[in-house]
Each structure stands twice: as C-alpha cells, then as structure tokens.
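Peer 1: Just one file: my_file_37.txt, with compact mmCIF, C-alpha atoms and all ligand atoms.
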```txt
# COMPACT_ATOMS: atom_id res chain seq x y z
CA MET A 1 92.55 71.56 131.69
CA PHE A 2 92.10 67.81 132.15
CA ALA A 3 95.47 67.38 130.57
CA ARG A 4 96.99 69.36 133.40
CA SER A 5 94.95 67.75 136.15
CA ALA A 6 95.69 64.30 134.76
CA ALA A 7 99.37 65.07 134.60
CA ARG A 8 99.29 66.44 138.16
CA ALA A 9 97.53 63.32 139.32
CA LEU A 10 100.34 61.21 137.94
CA VAL A 11 102.85 62.70 140.34
CA THR A 12 100.76 62.98 143.51
CA PRO A 13 102.31 61.13 146.48
CA SER A 14 99.56 58.50 146.46
CA THR A 15 100.37 57.56 142.88
CA ARG A 16 104.14 58.04 142.75
CA HIS A 17 104.61 54.38 141.85
CA PHE A 18 104.13 55.29 138.20
CA SER A 19 104.95 58.26 136.03
CA SER A 20 103.51 59.85 132.91
CA SER A 21 106.01 57.92 130.81
CA SER A 22 104.68 54.62 132.20
CA ALA A 23 101.02 55.69 132.04
CA ARG A 24 98.89 53.60 129.73
CA HIS A 25 97.61 55.56 126.75
CA THR A 26 94.19 54.66 125.49
CA LYS A 27 92.42 54.53 122.13
CA VAL A 28 89.14 56.40 122.40
CA ALA A 29 86.17 56.74 120.03
CA VAL A 30 83.39 59.33 120.17
CA LEU A 31 80.12 58.26 118.49
CA GLY A 32 78.06 61.37 117.69
CA ALA A 33 81.20 63.51 117.42
CA GLY A 34 79.59 66.01 115.04
CA GLY A 35 76.94 67.15 117.51
CA GLY A 36 76.56 69.88 120.10
CA ILE A 37 78.23 67.75 122.78
CA GLY A 38 80.40 65.67 120.44
CA GLN A 39 82.41 68.58 119.03
CA PRO A 40 83.58 70.25 122.27
CA LEU A 41 83.96 66.82 123.92
CA SER A 42 86.27 65.74 121.08
CA LEU A 43 88.30 68.92 121.57
CA LEU A 44 88.64 68.30 125.32
CA LEU A 45 89.62 64.66 124.75
CA LYS A 46 92.24 65.77 122.22
CA SER A 47 93.87 67.75 125.03
CA ASN A 48 94.00 64.72 127.35
CA PRO A 49 97.53 63.21 127.43
CA LEU A 50 96.15 59.77 128.32
CA VAL A 51 94.47 59.51 124.92
CA SER A 52 96.67 57.95 122.22
CA SER A 53 94.16 58.08 119.38
CA LEU A 54 90.77 59.63 118.91
CA ASN A 55 88.33 58.16 116.39
CA LEU A 56 85.46 60.54 115.65
CA TYR A 57 82.30 59.03 114.17
CA ASP A 58 78.94 60.56 113.26
CA ILE A 59 76.32 60.01 110.59
CA ARG A 60 77.23 63.53 109.45
CA GLY A 61 80.16 65.88 109.79
CA ALA A 62 82.77 63.80 111.62
CA PRO A 63 85.61 64.15 109.04
CA GLY A 64 85.34 67.94 109.27
CA VAL A 65 85.42 67.91 113.08
CA ALA A 66 88.37 65.51 112.97
CA ALA A 67 90.34 67.68 110.52
CA ASP A 68 89.77 70.70 112.75
CA VAL A 69 90.57 69.01 116.10
CA SER A 70 93.59 67.18 114.64
CA HIS A 71 95.54 70.46 114.38
CA VAL A 72 95.67 70.83 118.17
CA ASP A 73 99.28 70.33 119.25
CA THR A 74 98.96 67.27 121.47
CA PRO A 75 100.37 63.82 120.57
CA SER A 76 97.12 61.88 119.93
CA GLU A 77 96.15 60.91 116.38
CA VAL A 78 92.66 61.99 115.27
CA LYS A 79 90.64 60.37 112.48
CA GLY A 80 87.11 61.10 111.26
CA TYR A 81 84.68 58.42 110.06
CA GLU A 82 81.55 58.83 107.93
CA ALA A 83 78.21 57.04 108.34
CA ASP A 84 79.25 53.78 106.64
CA LYS A 85 82.56 53.52 108.51
CA LEU A 86 81.36 52.65 112.02
CA ASP A 87 83.21 49.33 112.22
CA GLU A 88 86.46 51.01 111.16
CA ALA A 89 85.93 53.75 113.77
CA LEU A 90 85.56 51.10 116.48
CA ASP A 91 88.43 48.86 115.44
CA GLY A 92 90.85 48.44 118.37
CA VAL A 93 89.29 51.11 120.59
CA GLU A 94 89.27 50.64 124.35
CA VAL A 95 86.93 53.44 125.41
CA VAL A 96 83.80 54.46 123.48
CA VAL A 97 81.93 57.63 124.46
CA ILE A 98 78.39 57.92 123.07
CA PRO A 99 76.72 61.34 122.81
CA ALA A 100 74.74 60.33 119.66
CA GLY A 101 71.03 61.06 119.59
CA VAL A 102 68.49 63.84 119.68
CA PRO A 103 68.31 66.40 122.51
CA ARG A 104 65.20 67.81 124.23
CA LYS A 105 63.16 70.84 123.26
CA PRO A 106 61.15 72.90 125.79
CA GLY A 107 58.18 70.95 127.16
CA MET A 108 59.77 67.53 126.60
CA THR A 109 60.97 65.06 129.21
CA ARG A 110 64.07 62.97 128.66
CA ASP A 111 61.79 59.94 128.33
CA ASP A 112 60.19 61.65 125.29
CA LEU A 113 63.54 61.04 123.52
CA PHE A 114 63.25 57.28 124.02
CA ASN A 115 61.56 56.47 120.70
CA THR A 116 64.38 58.04 118.69
CA ASN A 117 67.41 57.44 120.86
CA ALA A 118 66.74 53.85 121.97
CA SER A 119 67.38 52.43 118.52
CA ILE A 120 70.37 54.71 117.88
CA VAL A 121 72.03 53.54 121.10
CA ARG A 122 71.09 49.87 120.54
CA ASP A 123 72.60 49.90 117.04
CA LEU A 124 75.79 51.58 118.21
CA ALA A 125 76.11 49.14 121.13
CA THR A 126 75.61 46.22 118.72
CA ALA A 127 78.53 47.48 116.64
CA VAL A 128 80.75 47.95 119.71
CA GLY A 129 79.85 44.43 120.91
CA ARG A 130 80.76 42.99 117.52
CA VAL A 131 83.93 44.94 116.77
CA SER A 132 85.43 45.85 120.17
CA PRO A 133 83.63 43.69 122.74
CA LYS A 134 86.07 44.53 125.52
CA ALA A 135 85.67 48.30 125.19
CA HIS A 136 84.45 50.48 128.05
CA ILE A 137 81.23 52.21 126.96
CA LEU A 138 80.31 55.64 128.36
CA VAL A 139 76.69 56.49 127.61
CA ILE A 140 75.68 60.17 127.45
CA SER A 141 72.60 59.83 125.17
CA ASN A 142 69.29 60.33 126.96
CA PRO A 143 67.27 58.99 128.61
CA VAL A 144 70.35 57.63 130.45
CA ASN A 145 68.13 55.67 132.90
CA SER A 146 66.97 53.60 129.90
CA THR A 147 69.84 53.83 127.40
CA VAL A 148 72.34 52.23 129.81
CA PRO A 149 70.09 49.15 130.34
CA ILE A 150 69.65 49.09 126.52
CA VAL A 151 73.43 48.94 126.03
CA ALA A 152 73.78 46.26 128.71
CA ALA A 153 70.93 44.12 127.33
CA THR A 154 72.26 44.47 123.77
CA LEU A 155 75.73 43.30 124.82
CA GLU A 156 74.16 40.53 126.91
CA LYS A 157 72.34 39.26 123.79
CA LEU A 158 75.69 39.15 122.01
CA GLY A 159 77.20 37.31 125.00
CA VAL A 160 79.78 40.04 125.68
CA PHE A 161 78.30 42.13 128.51
CA ASP A 162 80.83 43.01 131.19
CA PRO A 163 79.17 45.05 133.98
CA ALA A 164 82.56 46.59 134.81
CA HIS A 165 82.66 48.20 131.36
CA VAL A 166 79.31 50.01 130.95
CA PHE A 167 78.75 53.47 132.47
CA GLY A 168 75.97 56.04 132.34
CA VAL A 169 77.56 59.48 132.52
CA THR A 170 75.80 61.34 135.36
CA THR A 171 78.73 63.69 135.97
CA LEU A 172 76.79 66.77 134.86
CA ASP A 173 74.55 66.35 137.93
CA VAL A 174 77.67 66.20 140.12
CA VAL A 175 79.14 69.27 138.39
CA ARG A 176 75.89 71.23 138.83
CA ALA A 177 75.53 70.17 142.47
CA ALA A 178 79.04 71.41 143.27
CA ARG A 179 78.58 74.68 141.38
CA PHE A 180 75.13 75.55 142.77
CA THR A 181 76.07 74.61 146.35
CA ALA A 182 79.27 76.64 146.15
CA GLY A 183 77.23 79.64 144.98
CA ILE A 184 75.05 79.45 148.09
CA ALA A 185 77.87 78.70 150.54
CA GLY A 186 80.14 81.38 149.06
CA VAL A 187 83.07 78.97 148.63
CA LYS A 188 84.87 77.27 145.73
CA PRO A 189 83.08 74.37 143.94
CA SER A 190 86.10 72.19 144.77
CA ASP A 191 85.08 72.59 148.44
CA THR A 192 81.49 71.50 147.76
CA VAL A 193 81.87 68.15 146.01
CA ILE A 194 78.44 66.53 146.38
CA THR A 195 77.67 62.85 145.83
CA VAL A 196 74.63 62.52 143.57
CA VAL A 197 72.95 59.10 143.45
CA GLY A 198 70.00 57.46 141.67
CA GLY A 199 69.57 58.17 137.98
CA HIS A 200 69.65 61.07 135.52
CA SER A 201 66.22 62.70 135.24
CA GLY A 202 64.24 64.97 137.56
CA PRO A 203 63.20 63.12 140.73
CA THR A 204 65.61 60.24 140.05
CA ILE A 205 68.51 62.66 140.66
CA VAL A 206 69.23 62.50 144.42
CA PRO A 207 71.90 64.88 145.76
CA LEU A 208 73.30 63.85 149.14
CA LEU A 209 73.97 67.32 150.53
CA SER A 210 74.02 66.01 154.12
CA GLN A 211 77.31 64.23 153.36
CA SER A 212 79.08 67.53 152.58
CA THR A 213 80.29 69.99 155.22
CA TYR A 214 78.86 73.01 153.39
CA GLY A 215 75.86 71.13 151.96
CA LYS A 216 74.56 69.99 155.32
CA ALA A 217 74.48 73.57 156.61
CA ILE A 218 71.89 74.51 153.95
CA LYS A 219 68.37 74.23 155.36
CA GLY A 220 64.72 75.10 154.82
CA GLU A 221 63.56 76.86 151.68
CA VAL A 222 67.12 77.40 150.42
CA TYR A 223 67.69 73.63 150.66
CA GLU A 224 64.42 72.84 148.84
CA LYS A 225 65.28 75.26 146.02
CA LEU A 226 68.83 73.92 145.73
CA VAL A 227 67.65 70.30 145.43
CA HIS A 228 65.09 71.35 142.81
CA ARG A 229 67.74 73.23 140.84
CA ILE A 230 70.11 70.23 140.87
CA GLN A 231 67.27 67.89 139.80
CA PHE A 232 65.98 70.21 137.08
CA GLY A 233 69.19 71.99 135.98
CA GLY A 234 68.79 70.40 132.54
CA ASP A 235 65.37 72.07 132.10
CA GLU A 236 66.95 75.45 132.92
CA VAL A 237 69.31 75.08 129.93
CA VAL A 238 66.64 73.66 127.61
CA LYS A 239 64.38 76.64 128.40
CA ALA A 240 67.18 79.20 127.92
CA LYS A 241 68.21 77.64 124.58
CA ASP A 242 64.56 78.01 123.51
CA GLY A 243 64.32 75.14 121.03
CA ALA A 244 68.00 75.01 120.04
CA GLY A 245 68.74 71.93 122.19
CA SER A 246 69.95 71.12 125.68
CA ALA A 247 73.22 71.39 127.62
CA THR A 248 76.19 70.83 125.30
CA LEU A 249 79.18 72.77 126.66
CA SER A 250 78.76 71.91 130.35
CA MET A 251 78.00 68.34 129.23
CA ALA A 252 81.18 68.19 127.14
CA TYR A 253 83.08 69.39 130.23
CA ALA A 254 81.36 66.76 132.39
CA GLY A 255 81.87 64.02 129.77
CA ALA A 256 85.55 64.87 129.47
CA LYS A 257 85.87 64.93 133.25
CA PHE A 258 84.36 61.46 133.62
CA THR A 259 86.39 60.07 130.70
CA ASP A 260 89.55 61.50 132.27
CA ALA A 261 88.69 59.79 135.59
CA LEU A 262 88.27 56.44 133.80
CA LEU A 263 91.47 56.88 131.77
CA ARG A 264 93.44 57.65 134.94
CA ALA A 265 92.03 54.55 136.62
CA LEU A 266 92.69 52.34 133.56
CA SER A 267 96.19 53.70 133.59
CA GLY A 268 96.77 52.51 137.17
CA GLU A 269 95.94 55.52 139.32
CA LYS A 270 94.45 54.44 142.65
CA GLY A 271 91.61 56.08 144.55
CA VAL A 272 89.62 57.32 141.55
CA VAL A 273 86.05 57.51 142.87
CA THR A 274 83.09 59.18 141.18
CA PRO A 275 79.33 58.68 140.87
CA THR A 276 78.25 56.84 137.71
CA PHE A 277 75.16 54.87 136.65
CA VAL A 278 76.17 51.21 136.47
CA LYS A 279 74.84 47.69 136.92
CA SER A 280 74.58 47.73 140.70
CA PRO A 281 73.60 45.41 143.53
CA LEU A 282 72.58 48.30 145.87
CA PHE A 283 68.82 48.14 145.17
CA GLU A 284 68.63 44.79 143.37
CA SER A 285 66.38 43.45 146.13
CA GLU A 286 63.83 46.09 145.01
CA GLY A 287 64.10 45.03 141.37
CA ILE A 288 66.41 47.93 140.44
CA ASP A 289 69.66 46.62 138.99
CA PHE A 290 71.14 49.85 137.61
CA PHE A 291 71.91 52.71 139.97
CA SER A 292 74.28 55.65 140.21
CA SER A 293 76.44 55.86 143.32
CA ASN A 294 80.10 56.44 144.09
CA VAL A 295 82.12 53.87 142.17
CA GLU A 296 85.81 53.10 142.62
CA LEU A 297 87.37 52.84 139.18
CA GLY A 298 90.35 50.61 138.47
CA THR A 299 92.37 49.07 135.67
CA ASN A 300 89.32 47.03 134.58
CA GLY A 301 86.71 49.80 134.93
CA VAL A 302 84.25 49.36 137.80
CA GLU A 303 86.27 48.01 140.72
CA LYS A 304 83.97 48.57 143.70
CA ILE A 305 80.48 50.01 144.08
CA ARG A 306 80.31 51.98 147.30
CA PRO A 307 77.18 52.05 149.45
CA ILE A 308 75.27 55.31 149.45
CA GLY A 309 76.08 56.04 153.12
CA PRO A 310 74.00 57.81 155.77
CA LEU A 311 70.99 59.84 154.57
CA SER A 312 69.07 62.73 156.18
CA SER A 313 65.30 62.36 156.53
CA GLU A 314 64.85 64.64 153.47
CA GLU A 315 67.19 62.43 151.45
CA GLU A 316 65.29 59.30 152.54
CA LYS A 317 62.19 60.91 150.99
CA LEU A 318 64.06 61.88 147.81
CA LEU A 319 65.32 58.31 147.47
CA ALA A 320 61.82 56.91 148.01
CA ALA A 321 60.56 59.17 145.20
CA CYS A 322 63.47 58.20 142.91
CA LEU A 323 63.18 54.42 143.03
CA PRO A 324 59.77 53.80 141.36
CA ASP A 325 60.56 56.13 138.42
CA LEU A 326 64.00 54.64 138.01
CA LYS A 327 62.59 51.13 138.02
CA LYS A 328 60.12 52.01 135.24
CA ASN A 329 62.85 53.66 133.12
CA ILE A 330 65.15 50.64 133.49
CA GLU A 331 62.39 48.17 132.66
CA LYS A 332 61.44 50.19 129.57
CA GLY A 333 65.02 49.98 128.30
CA LYS A 334 65.24 46.25 128.90
CA ALA A 335 61.85 45.60 127.28
CA PHE A 336 62.98 47.48 124.17
CA VAL A 337 65.86 45.06 123.62
CA ALA A 338 63.91 41.95 124.64
P1 LIG B 401 72.98 67.06 118.80
O1 LIG B 401 71.74 66.87 118.01
O2 LIG B 401 73.64 68.39 118.78
O3 LIG B 401 74.07 65.98 118.40
C1 LIG B 401 73.78 64.63 118.29
C2 LIG B 401 74.66 64.04 117.24
O4 LIG B 401 74.36 62.65 117.14
C3 LIG B 401 74.41 64.64 115.81
O5 LIG B 401 75.64 65.09 115.29
C4 LIG B 401 73.86 63.48 115.03
O6 LIG B 401 74.25 63.47 113.65
C5 LIG B 401 74.47 62.29 115.78
N1 LIG B 401 73.81 61.03 115.52
C6 LIG B 401 72.48 60.77 115.39
N2 LIG B 401 72.29 59.47 115.13
C7 LIG B 401 73.52 58.89 115.10
C8 LIG B 401 74.01 57.58 114.89
N3 LIG B 401 73.16 56.57 114.63
N4 LIG B 401 75.33 57.37 114.95
C9 LIG B 401 76.20 58.38 115.21
N5 LIG B 401 75.80 59.65 115.40
C10 LIG B 401 74.49 59.90 115.36
O7 LIG B 401 72.62 66.65 120.33
P2 LIG B 401 73.48 66.95 121.65
O8 LIG B 401 73.05 68.23 122.23
O9 LIG B 401 74.91 66.70 121.35
O10 LIG B 401 72.90 65.79 122.63
C11 LIG B 401 73.15 64.43 122.37
C12 LIG B 401 72.48 63.55 123.41
O11 LIG B 401 73.07 63.76 124.70
C13 LIG B 401 70.98 63.82 123.61
O12 LIG B 401 70.31 62.60 123.72
C14 LIG B 401 70.93 64.59 124.92
O13 LIG B 401 69.69 64.45 125.56
C15 LIG B 401 72.04 63.92 125.67
N6 LIG B 401 72.56 64.65 126.83
C16 LIG B 401 72.89 63.93 127.93
C17 LIG B 401 73.41 64.56 129.04
C18 LIG B 401 73.79 63.77 130.26
O14 LIG B 401 73.97 64.36 131.33
N7 LIG B 401 73.99 62.48 130.17
C19 LIG B 401 73.58 65.96 129.04
C20 LIG B 401 73.25 66.66 127.89
C21 LIG B 401 72.73 65.99 126.79
C1 LIG B 402 70.99 67.65 131.14
O1 LIG B 402 70.86 67.26 132.30
O2 LIG B 402 71.32 68.82 130.86
C2 LIG B 402 70.79 66.68 130.01
O3 LIG B 402 70.27 65.47 130.46
C3 LIG B 402 70.03 67.24 128.85
C4 LIG B 402 68.58 67.48 129.15
O4 LIG B 402 67.75 67.00 128.37
O5 LIG B 402 68.26 68.18 130.11
```
Using structure tokens, write down the structure that the file contains.
Ligand code: NAD
Ligand code: LMR
Peer 2:
Amino acid sequence: MFARSAARALVTPSTRHFSSSSARHTKVAVLGAGGGIGQPLSLLLKSNPLVSSLNLYDIRGAPGVAADVSHVDTPSEVKGYEADKLDEALDGVEVVVIPAGVPRKPGMTRDDLFNTNASIVRDLATAVGRVSPKAHILVISNPVNSTVPIVAATLEKLGVFDPAHVFGVTTLDVVRAARFTAGIAGVKPSDTVITVVGGHSGPTIVPLLSQSTYGKAIKGEVYEKLVHRIQFGGDEVVKAKDGAGSATLSMAYAGAKFTDALLRALSGEKGVVTPTFVKSPLFESEGIDFFSSNVELGTNGVEKIRPIGPLSSEEEKLLAACLPDLKKNIEKGKAFVA
C-alpha cells in the first residue's frame, strides 16, 4: 500500500522534477524485527519500492523472518542477523527503525517499561553510532518520551549526534486521531488528518482538533471523549489483548507510514510534513528540548520544525498538562545516559 502511495507521490505535479527511476533507494535496518511490531513492519517495508535492502536484526528469530519476507516479489534484498551480528546488520545502513523492547501488560504505564527498554535502546544506539553514525534513527520502543532522549544522549557521548537524524515515531497517535475523528464526523480518515503534538503517553499526547475542519466542529462531551480516546488508545489495545502485549499491527502500519514519509523526503520529494518527536526549540525556554510537532522532512531528515499554530482554550489546557510530564520523561532519559 505504501509502495503504491510512494510511487504515486513520485509523479504528482509538485514532484515531477524526478521520477521513480531517479529516486534514491535506501538501505534500511529493523532492530527487533522478530517481534510483534517487527515482523509486520518488515513485511510492509519489503513492499516499499524506495527500500533497496532490508537488514533484519533481533536477539531471536530474525533469520526466519528474513527468509519468509525475502520471498515477497519486490526488488529489495532481505537479510537476517542473529544476536551476535548487530554490527554486520548495521553496516552501510542509512535508516534504522527500532521496535526492540518489551511491551506493556494491563495495569502498566509506558514509563514502567523504562527499566528494561532504556538499556536495550542505549545499547542499540551505541552500535548505530559506532557502525553507521550518519544513519537516521526511528525510535518506536517505549517510553518514546524517554527513549528518544536516550538515543540522542548516547550519540552525543560518541560525538555523532545529528538532531536532524533522530525521530520518535508518534505516527500511531496521528493515525488514531484521524480514524476516531472520522468515525464521529462520518467522513473518510483522509479528510480528518489531525496534528498531534507533545509526546507519546497519555496526557502528553495533545491532539489539535481545532486545526481541522471536521475536528473543530466536535464539541462538549463528544470532544472530551474523543481526546481521551486519542490519548489512551494504547490502553484500549493493551486491555483487549489481555496480557498478550500492546498494539503491533496498527503500529507496524504507522511505523511503515512514517518510514515511507522519511524515505520519500530523503529521495527528494518536497512538502513531506508529519508530526514526529524530535530535538526541538519550540519549548526549550521551558527546559523541554524534545517535542513532537509537524516537521518538514528533507534530503537530510529534519528540515524545518513548524510551530504548533493557534490553539483553542481546551488545547491550551491540554498543552499545560502535557509539558510537566514530558519534561520529567525527557530528564529521566537523559539522566540514564549521564
Ligand atoms: P515484542 O515483545 O513482540 O517484540 C520485541 C522484540 O524486540 C522481540 O522480538 C525481542 O526479541 C526484541 N528484542 C529485545 N531486546 C532486543 C535487543 N537488545 N536487540 C534487538 N532486539 C531485541 O514487542 P512489540 O509489541 O513488538 O513492542 C516493541 C516495543 O514497541 C515496545 O516497547 C512497545 O511498547 C513499543 N510500541 C511503541 C509504539 C509507538 O507508538 N511508538 C506502539 C506500539 C508499541
Ligand atoms: C501505543 O500507543 O499503542 C503504544 O505506545 C503501546 C502502548 O504501550 O500502549
């Protein structure tokens, strides 16, 4: 599906200055490819024509996933790498997607994953910094509000941090916001694209419904319930899976969608804009130096961080509730590396 949309994007009037034959093809690695997200994400990336090779790494199961995915009839080469082959998996890659780590069980917050996932993400980032220091790193592992600062601080320690190259994948919040809003408005999700800013956990997820034609028409109790559902959509899936993990399939879709956006931008497509959690100046004066907002992507990753735009009075309150939590999550990540 991304294959088709990517191909379509290559011939839109705004991008007719290059064609699919001149598009840059990119070497991609997935770290945690054997997991609930990693497997379907690897499949979706295999179907993306902008991917030239796909290196699948996990501490267990990656060669099997690679053998399976490699039979899909698209041009990219797929290779699987076992636990002791991380450096080989990263050799020459330009984009690294990280869904490695443990998921939540009912009753847990994303922050409860910190003790396990912080060291997993730090160690993977250390390897990327050593082997492929110029790679773009897309962090899915939770808690994203802390794991992205961990990746940045780890690369900083190695002297190779490029703020244009490190992204927290918050696309699932954007996907949920569009789907849930469309359900209420009775229109297609493509008509209810909602900018979601802040971070990726409960109150740090701030949907800007007032900036959407259909979103701003939703008021009162329906609005309150919609915001709650967007902020706590992850809990809905964790509860329904009843101990078997958290969102994997919708996350693989969202991860592939964000990766596709970055690949299109790296390949020269103009006007690729999407929310993502990056090193950001927007709230630096309040001591918050990572924030998700609309970001223009370009041939070097982050090209321009857009301001969050006008907010309704409800959104001002949501933002006020987001910032203190976000600040704590970011500081916790940085302290872990320091
Ligand atoms: P999972 O347990 O099904 O898969 C995780 C995979 O990571 C496993 O295959 C495991 O072997 C692997 N792994 C563990 N340590 C590793 C290491 N050091 N190197 C490489 N691989 C390693 O979990 P999942 O459901 O795929 O979720 C993965 C992570 O993604 C969780 O932290 C979850 O909370 C997070 N998540 C984030 C979002 C988001 O919106 N950003 C959405 C859903 C899930
Ligand atoms: C989500 O939003 O679905 C993920 O962050 C997974 C989770 O723990 O809820």
Peer 1: Quick one: distance from atom O5 of ligand LIG 402 (chain B) to CA of Leu262 (chain A) in Å, one decimal?
Peer 2: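 Computed distance, atom O5 of ligand LIG 402 (chain B) to CA of Leu262 (chain A), equals 23.5 Å.
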Peer 1: Find the residues of region 161-198 of chain A that sit at most 12 Å from region 90-102 of chain A; for each, write down the nearest two atoms and how far apart they are in Å, to one decimal. Count only C-alpha atoms. Sort by chain, then by number going up, and give it as a tab-separated table.
Peer 2:
```
residue	atom	partner	partner_atom	distance
A:His165	CA	A:Val95	CA	9.0
A:Val166	CA	A:Val96	CA	9.8
A:Phe167	CA	A:Val97	CA	9.6
A:Gly168	CA	A:Ile98	CA	9.8
A:Val169	CA	A:Val97	CA	9.4
```
Peer 1: Report as a list in words which protein, DNA and RNA residues come within 8 Å of ligand LIG 402 (chain B), using all atoms listed in the file.
Peer 2: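 Those residues are Pro103, Arg104, Lys105, Thr109, Arg110, Asn142, Pro143, Val144, Leu172, Asp173, His200, Ser201, Phe232, Gly233, Gly234, Asp235, Glu236, Val237, Val238, Gly245, Ser246, Ala247, Thr248 and Met251 of chain A.
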Peer 1: For Lys85 (chain A), which of A:Leu124, A:Ala177, A:Val51, A:Val65 is the closest residue, counting all atoms listed in the file?
Peer 2: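 Ranking A:Leu124, A:Ala177, A:Val51, A:Val65 by distance to Lys85 (chain A), first place goes to A:Leu124.
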Peer 1: Could you state the separation of CA of Ala153 (chain A) and CA of Arg122 (chain A) in Å, given to one decimal place?
Peer 2: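 The value is 8.9 Å.
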Peer 1: Pick out the closest residue to ligand LIG 401 (chain B) from this set: A:Ala164, A:Leu45, A:Glu77, A:Ala244. Count all atoms listed in the file.
Peer 2: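 Counting all atoms listed in the file, the residue closest to ligand LIG 401 (chain B) is A:Ala244.
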Peer 1: Counting all atoms listed in the file, what is within 8 Å of Leu297 (chain A), bar same-chain residues fewer than 6 positions away, as an NGL selection string?
Peer 2: :A and (261-262 or 265-266 or 271-274 or 303-304)
Peer 1: In Å, with one decimal, what is the gap from CA of Gly301 (chain A) to CA of Ser53 (chain A)?
Peer 2: 19.1 Å
